[in-house]
Every structure is written in structure tokens, then in C-alpha cells.
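Have a look at entry-v8.cif; it's mmCIF, C-alpha atoms:
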```cif
data_work
#
loop_
_atom_site.label_atom_id
_atom_site.label_comp_id
_atom_site.auth_asym_id
_atom_site.auth_seq_id
_atom_site.Cartn_x
_atom_site.Cartn_y
_atom_site.Cartn_z
CA MET A 1 18.45 -10.69 -27.33
CA ASN A 2 18.97 -9.87 -23.67
CA PRO A 3 15.79 -10.92 -21.83
CA VAL A 4 16.40 -8.63 -18.86
CA PHE A 5 14.19 -5.56 -18.57
CA SER A 6 15.88 -2.74 -16.63
CA ALA A 7 13.34 -1.25 -14.23
CA ALA A 8 13.26 2.43 -13.33
CA ARG A 9 14.65 3.49 -9.97
CA SER A 10 11.28 4.62 -8.66
CA PRO A 11 9.21 1.58 -7.51
CA ARG A 12 5.98 3.50 -8.18
CA SER A 13 6.92 4.42 -11.75
CA ARG A 14 8.34 0.96 -12.41
CA ARG A 15 5.14 -0.73 -11.33
CA SER A 16 3.05 1.69 -13.37
CA ILE A 17 5.10 1.07 -16.50
CA LEU A 18 4.89 -2.68 -16.04
CA ALA A 19 1.16 -2.62 -15.41
CA THR A 20 0.69 -0.68 -18.63
CA THR A 21 2.88 -3.21 -20.46
CA VAL A 22 0.87 -6.13 -19.17
CA LEU A 23 -2.40 -4.52 -20.20
CA ALA A 24 -1.05 -3.72 -23.67
CA LEU A 25 0.16 -7.28 -24.15
CA ALA A 26 -3.17 -8.62 -22.97
CA GLY A 27 -5.00 -6.42 -25.45
CA MET A 28 -2.80 -7.48 -28.36
CA THR A 29 -2.76 -11.21 -27.74
CA LEU A 30 -5.89 -12.15 -25.84
CA GLY A 31 -8.68 -9.90 -27.04
CA ALA A 32 -12.07 -11.28 -26.10
CA LEU A 33 -11.08 -14.95 -25.97
CA PRO A 34 -12.76 -17.18 -23.34
CA ALA A 35 -10.78 -17.78 -20.13
CA GLY A 36 -9.56 -21.23 -21.17
CA ALA A 37 -8.34 -19.98 -24.54
CA GLN A 38 -6.63 -17.01 -22.89
CA ASP A 39 -4.77 -19.37 -20.60
CA ALA A 40 -3.61 -21.54 -23.51
CA SER A 41 -2.55 -18.57 -25.63
CA LYS A 42 -0.56 -16.66 -23.00
CA LYS A 43 3.03 -16.75 -24.21
CA GLN A 44 4.45 -13.51 -22.81
CA LEU A 45 5.58 -13.52 -19.18
CA ILE A 46 7.00 -10.86 -16.88
CA ILE A 47 8.91 -12.29 -13.93
CA GLY A 48 10.50 -10.32 -11.10
CA GLY A 49 13.57 -11.15 -9.03
CA THR A 50 15.97 -9.40 -6.68
CA ALA A 51 19.47 -8.33 -7.69
CA GLY A 52 22.24 -10.91 -7.63
CA SER A 53 21.80 -14.65 -7.61
CA ASN A 54 18.00 -14.65 -7.87
CA ILE A 55 17.78 -12.66 -11.10
CA ASP A 56 20.83 -14.58 -12.40
CA GLN A 57 19.10 -17.93 -11.86
CA LEU A 58 16.14 -16.69 -13.86
CA GLN A 59 18.28 -15.27 -16.65
CA TYR A 60 20.66 -18.19 -17.10
CA GLY A 61 18.51 -21.10 -15.99
CA ILE A 62 14.80 -20.47 -16.43
CA VAL A 63 14.39 -18.02 -19.32
CA PRO A 64 16.14 -20.26 -21.91
CA ILE A 65 13.90 -23.19 -20.95
CA LEU A 66 10.74 -21.11 -21.28
CA GLN A 67 11.94 -19.66 -24.59
CA LYS A 68 12.27 -23.20 -25.96
CA LYS A 69 8.62 -23.70 -25.03
CA GLY A 70 7.68 -20.65 -27.09
CA TYR A 71 7.47 -18.01 -24.34
CA LYS A 72 8.77 -14.47 -24.50
CA VAL A 73 10.04 -13.51 -21.07
CA LYS A 74 10.95 -10.17 -19.54
CA LEU A 75 12.81 -10.05 -16.22
CA VAL A 76 12.42 -7.15 -13.82
CA GLU A 77 15.16 -6.58 -11.23
CA PHE A 78 14.23 -5.23 -7.80
CA ASN A 79 16.44 -4.00 -4.98
CA ASP A 80 14.14 -4.59 -2.03
CA TYR A 81 11.90 -7.30 -0.58
CA VAL A 82 8.63 -5.31 -0.62
CA GLN A 83 7.94 -4.24 -4.22
CA PRO A 84 8.13 -7.66 -5.93
CA ASN A 85 5.07 -9.01 -4.08
CA LEU A 86 3.12 -5.77 -4.48
CA ALA A 87 3.91 -5.76 -8.20
CA LEU A 88 2.75 -9.37 -8.46
CA ALA A 89 -0.47 -8.66 -6.60
CA ASP A 90 -1.36 -5.63 -8.75
CA GLY A 91 -0.76 -7.46 -12.03
CA SER A 92 2.53 -5.84 -13.03
CA LEU A 93 4.24 -9.25 -12.79
CA ASP A 94 3.10 -12.75 -13.65
CA ALA A 95 5.48 -14.36 -11.13
CA ASN A 96 8.39 -13.52 -8.88
CA PHE A 97 11.39 -15.39 -7.48
CA PHE A 98 13.23 -13.80 -4.57
CA GLN A 99 11.86 -14.93 -1.19
CA HIS A 100 11.71 -17.88 1.14
CA GLU A 101 8.46 -19.40 2.32
CA VAL A 102 8.61 -17.95 5.83
CA TYR A 103 8.88 -14.37 4.54
CA PHE A 104 6.28 -15.04 1.84
CA ASN A 105 3.66 -16.39 4.25
CA GLN A 106 4.19 -13.53 6.66
CA PHE A 107 4.13 -10.81 3.97
CA LYS A 108 1.04 -12.03 2.13
CA GLY A 109 -0.76 -12.53 5.44
CA ASP A 110 0.09 -9.05 6.71
CA ARG A 111 -0.87 -7.41 3.39
CA LYS A 112 -3.83 -9.75 2.70
CA LEU A 113 -2.52 -10.67 -0.76
CA ASP A 114 -4.03 -13.59 -2.68
CA LEU A 115 -0.73 -15.17 -3.72
CA THR A 116 0.45 -18.78 -3.85
CA ALA A 117 3.82 -20.51 -3.73
CA LEU A 118 4.25 -22.47 -6.98
CA VAL A 119 7.56 -24.31 -6.65
CA GLN A 120 10.79 -24.16 -4.63
CA GLY A 121 14.16 -23.19 -6.04
CA PRO A 122 17.77 -22.68 -4.90
CA ILE A 123 18.88 -19.94 -2.55
CA ALA A 124 22.30 -18.53 -1.80
CA PRO A 125 22.87 -19.19 1.92
CA MET A 126 22.84 -16.35 4.40
CA GLY A 127 26.30 -15.66 5.78
CA VAL A 128 28.21 -13.66 8.36
CA TYR A 129 30.75 -11.33 6.71
CA SER A 130 33.38 -8.96 8.08
CA LYS A 131 36.02 -6.53 6.86
CA GLN A 132 37.47 -6.03 10.34
CA ARG A 133 37.67 -9.59 11.69
CA LYS A 134 38.90 -12.77 10.03
CA THR A 135 36.82 -15.19 12.12
CA LEU A 136 33.97 -15.17 14.60
CA ALA A 137 36.50 -16.20 17.24
CA GLU A 138 37.89 -12.66 16.99
CA LEU A 139 34.55 -11.15 18.06
CA LYS A 140 35.06 -8.66 20.89
CA GLU A 141 32.76 -7.42 23.62
CA GLY A 142 30.36 -4.80 22.30
CA ASP A 143 30.96 -5.57 18.62
CA ARG A 144 28.22 -4.40 16.27
CA ILE A 145 26.51 -6.99 14.05
CA ALA A 146 24.22 -5.67 11.32
CA LEU A 147 21.44 -7.99 10.14
CA PRO A 148 18.20 -7.84 8.11
CA ASN A 149 15.37 -5.87 9.67
CA ASP A 150 12.41 -7.71 8.14
CA PRO A 151 11.01 -10.04 10.84
CA SER A 152 11.57 -13.41 9.14
CA ASN A 153 15.17 -12.71 8.11
CA LEU A 154 15.92 -10.99 11.42
CA ALA A 155 14.90 -14.21 13.15
CA ARG A 156 16.95 -16.21 10.67
CA GLY A 157 20.05 -14.12 11.41
CA ILE A 158 19.64 -14.42 15.18
CA LEU A 159 19.25 -18.20 14.85
CA LEU A 160 22.52 -18.24 12.89
CA LEU A 161 24.24 -16.46 15.80
CA GLN A 162 22.72 -18.94 18.22
CA GLN A 163 23.99 -21.85 16.13
CA ALA A 164 27.44 -20.26 16.37
CA GLY A 165 27.15 -20.24 20.17
CA LEU A 166 27.23 -16.44 20.47
CA VAL A 167 23.73 -15.91 21.88
CA LYS A 168 20.84 -17.92 23.30
CA LEU A 169 17.15 -17.26 22.91
CA LYS A 170 14.57 -17.25 25.69
CA GLU A 171 12.70 -20.50 26.25
CA GLY A 172 9.44 -20.88 24.38
CA VAL A 173 9.86 -18.13 21.79
CA ASN A 174 8.76 -18.77 18.21
CA PRO A 175 12.06 -19.41 16.36
CA LEU A 176 10.58 -17.99 13.14
CA ARG A 177 9.58 -14.66 14.67
CA VAL A 178 12.27 -13.84 17.23
CA SER A 179 13.87 -10.42 17.53
CA GLU A 180 16.78 -8.84 19.39
CA LEU A 181 14.41 -8.49 22.37
CA ASP A 182 14.23 -12.27 22.79
CA LEU A 183 17.85 -12.86 23.81
CA ALA A 184 18.30 -14.61 27.15
CA TRP A 185 22.10 -14.86 26.95
CA ASN A 186 24.49 -12.47 25.23
CA PRO A 187 27.80 -12.75 27.09
CA LYS A 188 29.77 -10.60 24.62
CA LYS A 189 27.12 -7.85 24.80
CA ILE A 190 26.83 -7.95 21.00
CA LYS A 191 24.96 -4.96 19.60
CA LEU A 192 22.51 -6.08 16.94
CA VAL A 193 21.82 -3.43 14.28
CA PRO A 194 18.77 -4.26 12.11
CA LEU A 195 18.95 -2.68 8.64
CA ASP A 196 17.25 -3.00 5.28
CA ALA A 197 18.62 -6.19 3.73
CA ALA A 198 19.86 -4.44 0.57
CA HIS A 199 21.99 -2.05 2.64
CA LEU A 200 23.83 -4.70 4.66
CA PRO A 201 26.90 -5.02 2.38
CA ARG A 202 27.57 -1.31 2.90
CA ALA A 203 27.23 -1.75 6.66
CA LEU A 204 30.53 -3.68 6.64
CA ASP A 205 32.32 -0.33 6.63
CA ASP A 206 30.88 0.51 10.06
CA ALA A 207 29.85 -2.70 11.81
CA GLN A 208 32.34 -5.36 12.81
CA TYR A 209 30.14 -8.05 11.22
CA ALA A 210 27.08 -8.16 8.97
CA ILE A 211 24.69 -11.04 8.40
CA ILE A 212 23.82 -10.76 4.72
CA ASN A 213 21.29 -12.60 2.56
CA GLY A 214 23.14 -14.49 -0.15
CA ASN A 215 21.64 -12.67 -3.13
CA PHE A 216 22.62 -9.25 -1.80
CA ALA A 217 26.07 -10.49 -0.79
CA ILE A 218 26.70 -11.74 -4.33
CA SER A 219 25.26 -8.65 -6.03
CA SER A 220 27.66 -6.48 -3.96
CA GLY A 221 30.69 -8.46 -5.11
CA LEU A 222 31.10 -10.71 -2.06
CA LYS A 223 31.61 -14.42 -2.51
CA LEU A 224 29.96 -17.08 -0.38
CA LEU A 225 33.39 -18.35 0.63
CA ASP A 226 34.27 -14.84 1.86
CA SER A 227 31.93 -15.34 4.82
CA VAL A 228 33.25 -16.16 8.28
CA LEU A 229 30.16 -18.35 8.79
CA LEU A 230 27.78 -19.74 6.18
CA GLU A 231 24.29 -20.91 7.01
CA LYS A 232 23.19 -24.52 6.70
CA THR A 233 19.89 -23.55 5.14
CA PRO A 234 16.71 -25.29 6.38
CA GLU A 235 14.15 -26.26 3.74
CA HIS A 236 11.68 -23.57 4.82
CA TYR A 237 14.29 -20.94 3.87
CA LEU A 238 14.58 -22.13 0.27
CA ASN A 239 13.38 -19.64 -2.34
CA ILE A 240 9.93 -20.03 -3.84
CA VAL A 241 8.30 -18.92 -7.07
CA ALA A 242 5.15 -16.96 -6.27
CA VAL A 243 2.13 -16.38 -8.52
CA LYS A 244 -1.36 -15.03 -8.06
CA THR A 245 -3.59 -17.79 -6.70
CA LYS A 246 -5.93 -17.54 -9.68
CA ASP A 247 -3.00 -18.37 -11.99
CA LYS A 248 -1.55 -21.38 -10.17
CA ASP A 249 -3.26 -23.96 -12.42
CA SER A 250 -2.69 -22.10 -15.70
CA GLN A 251 -0.64 -23.74 -18.42
CA TRP A 252 2.11 -21.11 -18.22
CA ALA A 253 2.41 -21.62 -14.45
CA LYS A 254 2.70 -25.37 -14.97
CA ASP A 255 5.42 -24.78 -17.58
CA LEU A 256 7.25 -22.42 -15.19
CA ALA A 257 7.17 -24.99 -12.38
CA GLU A 258 8.31 -27.69 -14.80
CA ALA A 259 11.28 -25.52 -15.80
CA TYR A 260 12.47 -25.44 -12.18
CA ARG A 261 12.19 -29.22 -11.91
CA SER A 262 13.97 -29.88 -15.21
CA ALA A 263 17.33 -31.53 -15.81
CA ASP A 264 18.39 -28.46 -17.81
CA PHE A 265 17.88 -26.15 -14.83
CA LYS A 266 19.68 -28.59 -12.52
CA SER A 267 22.64 -28.52 -14.90
CA VAL A 268 22.77 -24.71 -14.77
CA VAL A 269 22.55 -24.71 -10.97
CA ASP A 270 25.33 -27.28 -10.67
CA ARG A 271 27.61 -25.26 -12.99
CA LYS A 272 26.89 -21.67 -12.01
CA PHE A 273 25.47 -21.81 -8.49
CA ALA A 274 27.62 -24.29 -6.62
CA GLY A 275 27.17 -24.24 -2.87
CA TYR A 276 23.56 -23.06 -2.99
CA ALA A 277 20.90 -24.67 -0.84
CA LYS A 278 18.54 -26.64 -3.12
CA PRO A 279 15.25 -28.55 -2.94
CA ALA A 280 15.45 -32.34 -3.06
CA PHE A 281 14.51 -32.55 -6.75
CA LEU A 282 17.66 -30.57 -7.67
CA GLN A 283 20.06 -32.55 -5.49
#
```
Output the file's structure in the form of C-alpha cells.
Amino acid sequence: MNPVFSAARSPRSRRSILATTVLALAGMTLGALPAGAQDASKKQLIIGGTAGSNIDQLQYGIVPILQKKGYKVKLVEFNDYVQPNLALADGSLDANFFQHEVYFNQFKGDRKLDLTALVQGPIAPMGVYSKQRKTLAELKEGDRIALPNDPSNLARGILLLQQAGLVKLKEGVNPLRVSELDLAWNPKKIKLVPLDAAHLPRALDDAQYAIINGNFAISSGLKLLDSVLLEKTPEHYLNIVAVKTKDKDSQWAKDLAEAYRSADFKSVVDRKFAGYAKPAFLQ
């Protein structure tokens, strides 16, 4: 049976449906059991992930491991970076896997969400892609470069351009929160175009280059090796599994974290997700 649950297009209706599902499952399986018994008996999980490599890692790597432990798992696919955390916070999801720690800490702080990072996992590296240029050496004065508009990934994209020697940041700026306003040196007069991360693959038709998060690049049909520059991903940009803080010590959360650290998951990552940045325990 395919474990993937296809969510509705409307985020509001999707979250409502999922919340109803969670409540129904809770009513059927938990009843009036004490908290400890409820924790031990929870065997139905709903996990969210973004389109592309993140949902694929869950489907091919994590779900089979949890099924062997007796869990029934539904996956919910999202196409943005906002709804998965809101759905987790309101109880529509038990966990999600789509974001790096920098974005997670910023988002939960801004929205005052009581969420916790459970375990790290692989991430497809961010890359610079182009349909109009074969290399970054072909970049011309005034070229447009589209990049993610959420603050943490915007900073990540600008740092990638700095590593390529195309721009320099002002002294003393926070490298995790920089924006296009923090450039001290931009000799090619590059025009940075911040866009929603999910829309960046389509921006390749208009911009000369686009800096695209790996999961959205893959879900659009791009390959990591298609990039003209691929990120060497720092550890703080690895993906994390997020759960509600109250659930972090539950048995199901421990089993989920154990699945990510398992030899079976490492084998799937090595076979299906070659080239991904990985935590030390999956090296």
C-alpha cells in the first residue's frame, strides 16, 4: 500500500482535514487511557515533508523502518516552507522533515511555536542553476540571479555567491541573517531577485541564474549535477526532524529518531541520495 497521503491544494483545507484525521485516530485508539499508556499505544503517525527529495527520503527510507516496528504512517506533501510547521504546531502532523536548523529556529521564534528539533537528516545541497549560461564564468554585468526570499535561505544563497567570489558582504554582518542590502562589493552589478523557494525552478526562464534549494530543484526535474555551482553544505544547514516539544521524549519520537540513525536508512541514502550532505552518523 502506498503510504503517501495526497494533500489538498488549499493549505487551510488540508490542515483541517488532517486535524480531523488525527482527532479521529486518537478517539479510536487512545480513548481515556492515562498519558503513559497513550504514549506506548500510539502506532499511527502523520509526517509532513516538502516535495522532492525530502518526501522521497521519508517514503523510501523512513516509512519502511517504522512499519517494521508496527507503525502505520501517512505522509503529507507540502509545496512551501510555512505550512509544515503550522500544521505541526496545530496538531495536524506528528512530525515534519523539510527544513534546516537555521530556518527552524528563526521560524519557531518568530511564530512563538513550541517545537523541538529531534534528529538531523540528509539534505540535497543548494545549487546555482542556469538555462542561459553554462558556467558562472559566463556571468555578465547586470545579470539577474533569483534566490529564496525567506531570510535564512536568502542569507545562505548570498553566502554561496560570496564563496564563488561574485560578491562580498559588509564587515560585521550576521552571516545567517544577511540580505541583498548587506553587499559591500558587487562588481558585476548582479541583480538579486528574491522569490518564494518553490517558484525558483520556473524563474530559470527569466533570470540568467537561480539559486535553488535541492529539494525543489529535484522535484522540478533538475539534477544536482546540472548545477553550475553546488553548495558545500555546513552542518547547520542539514535537515532536521521537528516535533512538538511535549512529544520529544515519547516512544514514537524515539523510534523515529532511531530510524534516522539506523543502518537501514544509511543504506537507502547511499543508494538513492548520493551526493547529499549528511550528518556524521550517516557518513
Exercise. Could you list the residues chosen by the PyMOL selection byres ((chain A and resi 104) around 9) in this structure as number ranges by chain?
Key: A: 85, 99-103, 105-109, 115-117, 240, 242
Practice problem: Return the single residue from A:Val243, A:Leu282, A:Ile158, A:Leu139 that is closest to Gln208 (chain A), with distances computed using all atoms listed in the file. | Solution: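 Using all atoms listed in the file, the shortest distance to Gln208 (chain A) belongs to A:Leu139.
When all atoms listed in the file are used to measure the gap to Ser92 (chain A), the shortest distance among A:Lys191, A:Asn186, A:Ile123, A:Ile47 belongs to A:Ile47.
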Exercise. Run the PyMOL selection byres ((chain A and resi 149-156) around 8) on the file and write out the hits as a list in words.
Key: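 With the PyMOL selection byres ((chain A and resi 149-156) around 8) on this model, the match is Val102, Tyr103, Gln106, Leu147, Pro148, Gly157, Ile158, Leu159, Leu160, Pro175, Leu176, Arg177, Val178, Ser179, Pro194, Leu195, Asp196 and Ala197 of chain A.
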Quiz prompt | Within 10 Å of Leu200 (chain A) using all atoms listed in the file, minus same-chain residues under 5 positions, as a ChimeraX atom specification | solution = /A:129,146-149,193-195,205,207,209-213,216-217,220
Practice problem: Determine the residue membership of the PyMOL selection byres ((chain A and resi 118) around 12) for the file above and supply it as a ChimeraX atom specification. | Solution: /A:94-97,100-101,104,115-117,119-121,239-250,252-261
Practice problem: For region 57-61 of chain A, please output as a VMD selection string all residues within 10 Å (counting all atoms listed in the file; exclusion window: fewer than 2 positions along the same chain). | Solution: chain A and resid 2 to 4 47 to 49 52 to 55 63 to 66 73 to 75 96 to 97 121 to 123 259 to 260 262 264 to 269 272 to 273
Quiz item: Of the residues A:Gly91, A:Gly275, A:Gly172, A:Pro187, which is the one nearest to Leu224 (chain A), using all atoms listed in the file?
Solution: A:Gly275
Quiz item: Any idea what the distance is between CA of Gln44 (chain A) and CA of Gln67 (chain A)?
Solution: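 Rounded to one decimal, the two atoms are 9.9 Å apart.
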Exercise. Enter the distance from CA of Asp90 (chain A) to CA of His199 (chain A), in Å, rounded to one decimal.
Key: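 Straight-line distance from CA of Asp90 (chain A) to CA of His199 (chain A) works out to 26.2 Å.
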Self-check item: Proximity to Met126 (chain A) - best of A:Leu192, A:Leu161, A:Tyr81, A:Ala280, all atoms listed in the file
Solution: A:Leu161
Quiz item: How many Å separate CA of Leu183 (chain A) from CA of Leu230 (chain A)?
Solution: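 These atoms are spaced 21.4 Å apart.
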Quiz item: Closest to Ala277 (chain A) among A:Leu93, A:Val128, A:Leu238, A:Val173, using only C-alpha atoms?
Solution: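 Looking at the shortest contact to Ala277 (chain A), the residue is A:Leu238.
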Quiz prompt | Residue with smallest distance to Val167 (chain A) - pool A:Trp185, A:Phe98, A:Phe281, A:Phe78, counting only C-alpha atoms | solution = A:Trp185
Quiz item: Which polymer residues, protein or nucleic acid, are no farther than 12 Å from (37.7, -16.0, 14.5), counting all atoms listed in the file, as a PyMOL selection string?
Solution: chain A and resi 128-130+132-140+164+209+227-229
Mind rebuilding region 176-190 of chain A with N, CA, C and O atoms and writing that out as a short mmCIF file (atom, residue, chain, number, x, y, z; two decimals), in the coordinates of the input?
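The resulting file, result-v2.cif, is reproduced below:
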```cif
data_model
loop_
_atom_site.label_atom_id
_atom_site.label_comp_id
_atom_site.auth_asym_id
_atom_site.auth_seq_id
_atom_site.Cartn_x
_atom_site.Cartn_y
_atom_site.Cartn_z
N LEU A 176 10.75 -18.64 14.44
CA LEU A 176 10.58 -17.99 13.14
C LEU A 176 10.21 -16.52 13.25
O LEU A 176 10.13 -15.81 12.26
N ARG A 177 10.01 -16.05 14.50
CA ARG A 177 9.58 -14.66 14.67
C ARG A 177 10.34 -13.96 15.80
O ARG A 177 9.86 -12.97 16.35
N VAL A 178 11.52 -14.44 16.13
CA VAL A 178 12.27 -13.84 17.23
C VAL A 178 12.88 -12.52 16.80
O VAL A 178 13.07 -12.25 15.61
N SER A 179 13.21 -11.69 17.78
CA SER A 179 13.87 -10.42 17.53
C SER A 179 14.99 -10.24 18.54
O SER A 179 15.21 -11.10 19.41
N GLU A 180 15.68 -9.11 18.46
CA GLU A 180 16.78 -8.84 19.39
C GLU A 180 16.29 -8.72 20.83
O GLU A 180 17.08 -8.80 21.77
N LEU A 181 14.97 -8.59 21.02
CA LEU A 181 14.41 -8.49 22.37
C LEU A 181 14.25 -9.85 23.03
O LEU A 181 13.92 -9.92 24.22
N ASP A 182 14.45 -10.92 22.27
CA ASP A 182 14.23 -12.27 22.79
C ASP A 182 15.50 -12.99 23.22
O ASP A 182 15.50 -14.20 23.42
N LEU A 183 16.60 -12.25 23.38
CA LEU A 183 17.85 -12.86 23.81
C LEU A 183 17.85 -13.08 25.32
O LEU A 183 17.58 -12.16 26.09
N ALA A 184 18.17 -14.31 25.72
CA ALA A 184 18.30 -14.61 27.15
C ALA A 184 19.76 -14.59 27.59
O ALA A 184 20.05 -14.44 28.79
N TRP A 185 20.67 -14.73 26.63
CA TRP A 185 22.10 -14.86 26.95
C TRP A 185 22.90 -14.20 25.84
O TRP A 185 22.74 -14.54 24.67
N ASN A 186 23.69 -13.22 26.19
CA ASN A 186 24.49 -12.47 25.23
C ASN A 186 25.78 -12.05 25.93
O ASN A 186 25.99 -10.87 26.23
N PRO A 187 26.65 -13.01 26.23
CA PRO A 187 27.80 -12.75 27.09
C PRO A 187 28.78 -11.71 26.55
O PRO A 187 29.46 -11.03 27.31
N LYS A 188 28.86 -11.57 25.21
CA LYS A 188 29.77 -10.60 24.62
C LYS A 188 29.12 -9.22 24.46
O LYS A 188 29.75 -8.30 23.93
N LYS A 189 27.87 -9.12 24.93
CA LYS A 189 27.12 -7.85 24.80
C LYS A 189 27.15 -7.35 23.34
O LYS A 189 27.39 -6.17 23.06
N ILE A 190 26.91 -8.28 22.43
CA ILE A 190 26.83 -7.95 21.00
C ILE A 190 25.72 -6.93 20.79
O ILE A 190 24.63 -7.05 21.36
#
```
